[in-house]
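Peer 1: What follows is a structure written as structure tokens; I'll ask about it next.
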Amino acid sequence: MTDTVLFLLVDGLTSGLVYALLALSLVLVFTVTRVVNIAQGEYVMLGALTLADLLQGRMPGTLYLLIGGLVLCVILDAGRWRRDWRQALLYASGLVIAGVAALALTRGALALHLPVIGMMVVALILVAPLGALIYRFTVHPIPNATTIVFVIISVGVSMSVQGLGLLIWGANPYPVDPIAAGGVMMGPVFIPYQSFAILITALLAMGGLYLFSEFTLVGKALQASAMNRLGAQFCGIPVNAAGALAFLLAAAFSAVSGMLLAPLITANYEMGFMVGLKGFVGGAMGGLIDYPLSLVGVMIVGGLESTSAYVASAYRDVLVFSLLIPILLWRNTRSRVEAR
Amino acid sequence: MMSARARLALAASAILLVMPWLLPSFYVGIFAYAGIYAMVAVGLVLLLQAGQISLGQGAFMGLGAYGSALVARAYGIDTLVTMVLSVSATGLVAALIGFITLRLRGHYLPLATLAYGIALAGVFTAWHEVTGGASGLDKIPPLSLFGFALTDDRLYTQLIWIITLLSVLGLSRLHTSRTGRAIATLEGHDGLAQAFGVDTTMLRVKVFVFSAVLAALAGALYVHLLRFVSPSPFSLMTSFKLLIMAVVGGPMSAAGGVLGALTLESAQWTLQDILARWGLSGNLEVIVFGVILVVMLLKWPQGLWPAVERFLPKPRLRSRAGEGLSRTILTENRGEVLLRLEDIGIRFGGLQALEGIGMELKRGEFVGLIGPNGAGKTTLFSIISGLQRQTTGRVTLFGVPLPTGYEIVRRGMARTFQHVQLMPDLSVIENVALGAYCRTSAGFIRGLFALDGEENRQALASARAALERVGLLAEADLAAGSLPLGKQRIVEIARALVADPQILLLDEPAAGLRFSEKLTLVKILRQLQAEHVTILLVEHDMELVMGCVERLVVLDRGRIIAQGSPKDVQANPAVISAYLGGGRDKAA
């Protein structure tokens, strides 16, 4: 009995930490840009599948997405050529260089057969900029739209990215190597090294984001945009750049969580969406604005998930998503603070 | 005599209703599904109009479908009865979800419906002793009543389209009704809605429940047409597709839902055809669907319907002739205290924004509230109009404590807004008619079934009379957003007058006005005063205030520093130092 409880605890903690990275991404994006990003989970999928490709020595399809996105960026910027061709040329050549650099980096990594951690870094460099590109395409053009419009847009992004994932990788699952195979017996429970890797990464990500926000100028600019967009703009903070940065960082956190999660399950084109939504259920606890409360939320989600997988496996997702109801009821009791 | 627009609508409906008999039998099914999706999309369009969205409409369809199918199959009850039961049950579930999410900020409803959709789809699959699991259940009875079954697919398809078109008709009626005007305020005008007596949470819940009921009805019709039930038609993908239909059609008109459904269904068939020809399998059309959704919202947030609307004749305006609602006779019984503030204080963290404020507003008085920037005028005004709660002290209105939110206007106190709050796309007269919300009663259902004719006429007639009173009758049918600021502010006054207030609160009505506009405003204010309306005016423009009011209350640094006639106040040294600075300490 104790063994089972301990096992469930470790299992719940592990998935809770994966969702924590997602919740971190969601809160970061929501506070800086007011976007409730339903598509956040897709970066999980992109991270996992990119890593799978790299580890098996294939050119990852993500590279084509990245280059396609950069090209689209240049096209959307066409209006600038007439106004200020020098700037536009600089911008376009910057994007071309970025594309070529990404290509060179990938080829180099494949030639060198980097270890898993090295490949993870390469995958991260390929996936994270996609976040900034999505921001450029879907949020930048309509900065003053309502939350509801952004929710619907992110649904569209999610559909398209998932569809592209299906087009590039097909419906088959891909196995992904863990950072280190095996694990240790701690008392009666076996804990895979991967779980430790997840714990360490989650702690590093949270600590890193905290230090970045509190002790760097860029981080403070990000915080300022989160607190008061217009005010930040008046202080000379380029809020669009802040939004793009938030999307980029969030994409990075989510992609890392995908790469860490993939060895425990397998990577496929559908894996991200549900992970993203479970991050939401946890994040709802903190109203998508409160980091510590979100962390509590995702831990509850992780715990409930592993328990229900054990007790009533068919109803696992049903139970996890029904958790939103008590969470919202609880938030209703605090609604004086957050009523419209 | 029918209007040109009504005849056109009738002709289009006739074509849609004859279609099932003209199409080859393979296409009849597709056309029936298009009608079912259109029914759900029409409900979603209403939700969009209220500034909300659901990502779980597919699940509401599923609940309606499974409820009716399982009960009918197990107990052999007439399916029309089981349909009514399952649709009502779905409505209850939606009400529950609505009540716990719609009091919170806007993004909780999409998240909650999304989670609910996934959870419910999970139940359909997992509970397979009852639902047949992922492979589903066959032998679902057809649509029937008293043993008569509807098994003819063409007739069934026609029935589906009749219901869809009737819901479009009903919602078009609702759009121009009392409830429709209130729904228009739900997107981004919460303060306004509450100030005119709209219980915004309740109205949002009603709209959400209505859209869920339409979805459940559509789901039940679907399952008795197919006579087979499985989880896949009610998945998240369906919810997303329905969302795209509503967005493609646009929130402008319920007919947009039908347009969106027909457009997307044809797009899907064409795309699948093309993809199959390229040898691609799977649901790759979702890539295009996602792009459509994003591009529509970026480029054409009003959807495709405005493109159709341009070619249509204007709809006939609803009657505004005859007598309006009765007006309270305001006697000249001056001296009775209507509004009393006792020792009001409010604290924001460490800042005491107001302290020890005591003042009275007597019947028939015209009082001005002035003070330099940061004196606390706006805060005090928010407390009086019920938007903010004081930390200490008491506000009494007509001798009883000030109620909260949407109840205030019913007690006879109406207001205008410093930042003009008009629905820019609605006509001036419709904006003004919102003022009658608290004095009329026709609700959602009466609006839907056009049972509000007389009352709506009275409300519009009152609005017309109010516009005449302020001299804007000529602009009655223009879009409110097209008027210059000065006229918009006067429209706000007209709207407040339609609420038949005994007290009128004016929040900086002259801010941003040109000289000639100010003159018009002063004329209107004097006229209202002559009609014995009690007025409390907050204003910066000293000349305007001095020229109008009988009594002034001067605030500085959160306290009242002077009260009295304009002449006395102008001579008061404390007031002079508050405005001109210098010697403040001596004066205090």
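Residues in the structure tokens are named by chain (A, B, ... in the order shown) and by number from 1 within that chain; ligands are numbered from 1 in the order shown.
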Compile the residues of chain B that lie within 8 Å of chain A, evaluated using only C-alpha atoms, and express the compilation as a ChimeraX atom specification.
Peer 2: /B:51-53,100-101,103-107,110-112,115-116,118-120,122-123,126,190,240,283-294,297-298
Peer 1: Using DSSP on the backbone, list every residue of region 347-426 of chain B that comes out as strand (DSSP E), and give them as a PyMOL selection string.
Peer 2: chain B and resi 347-348+351-362+366-370+392-397+400-401+413-415
Peer 1: Residues within 6 Å of Gly303 (chain A), please, as a list in words. Count only C-alpha atoms; anything in the same chain fewer than 3 positions from it doesn't count.
Peer 2: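 With the cut-off at 6 Å, the set is Gly12, Ile300 and Ser306 of chain A.
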Peer 1: Do a neighbour search on Leu361 (chain B) at 12 Å with only C-alpha atoms, toss out local chain neighbours closer than 6 positions, and write the hits as number ranges by chain.
Peer 2: B: 334-342, 367-369, 384, 395-399, 413, 502-505, 533-537, 550-553
Peer 1: Mind dumping a table of every region 241-319 of chain B residue within 12 Å of region 33-44 of chain B, with the nearest atom pair and its distance in Å to one decimal, using only C-alpha atoms, sorted by chain and rising number, as CSV?
Peer 2:
residue,atom,partner,partner_atom,distance
B:Lys241,CA,B:Tyr37,CA,9.1
B:Leu242,CA,B:Ala41,CA,5.8
B:Leu243,CA,B:Ala41,CA,7.2
B:Ile244,CA,B:Ala41,CA,8.8
B:Met245,CA,B:Ala41,CA,6.1
B:Ala246,CA,B:Ala41,CA,5.1
B:Val247,CA,B:Leu44,CA,8.9
B:Val248,CA,B:Ala41,CA,10.0
B:Gly249,CA,B:Ala41,CA,8.6
B:Gly250,CA,B:Leu44,CA,9.9
B:Pro251,CA,B:Leu44,CA,8.7
B:Met252,CA,B:Val42,CA,11.1
B:Ser253,CA,B:Val42,CA,8.8
B:Ala254,CA,B:Val42,CA,5.4
B:Ala255,CA,B:Val42,CA,7.1
B:Gly256,CA,B:Val42,CA,7.3
B:Gly257,CA,B:Val42,CA,4.4
B:Val258,CA,B:Ala38,CA,4.8
B:Leu259,CA,B:Ala38,CA,7.9
B:Gly260,CA,B:Ala38,CA,7.5
B:Ala261,CA,B:Ala38,CA,5.0
B:Leu262,CA,B:Ala34,CA,6.2
B:Thr263,CA,B:Ala34,CA,9.5
B:Leu264,CA,B:Ala34,CA,9.0
B:Glu265,CA,B:Ala34,CA,6.5
B:Ser266,CA,B:Ala34,CA,9.0
B:Ala267,CA,B:Ala34,CA,11.8
B:Gln268,CA,B:Ala34,CA,11.2
B:Trp269,CA,B:Ala34,CA,11.4
Peer 1: Tell me, in Å to one decimal, how far CA of Glu492 (chain B) is from CA of Leu186 (chain B).
Peer 2: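 Value for the CA of Glu492 (chain B)-CA of Leu186 (chain B) distance: 17.6 Å.
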Peer 1: Excluding Asp568 (chain B) and any residue of its chain fewer than 3 positions from it, enumerate the residues within 12 Å of it, using only C-alpha atoms, and give them as an MDAnalysis selection string.
Peer 2: chainID B and resid 546 550:554 562:565 571:576
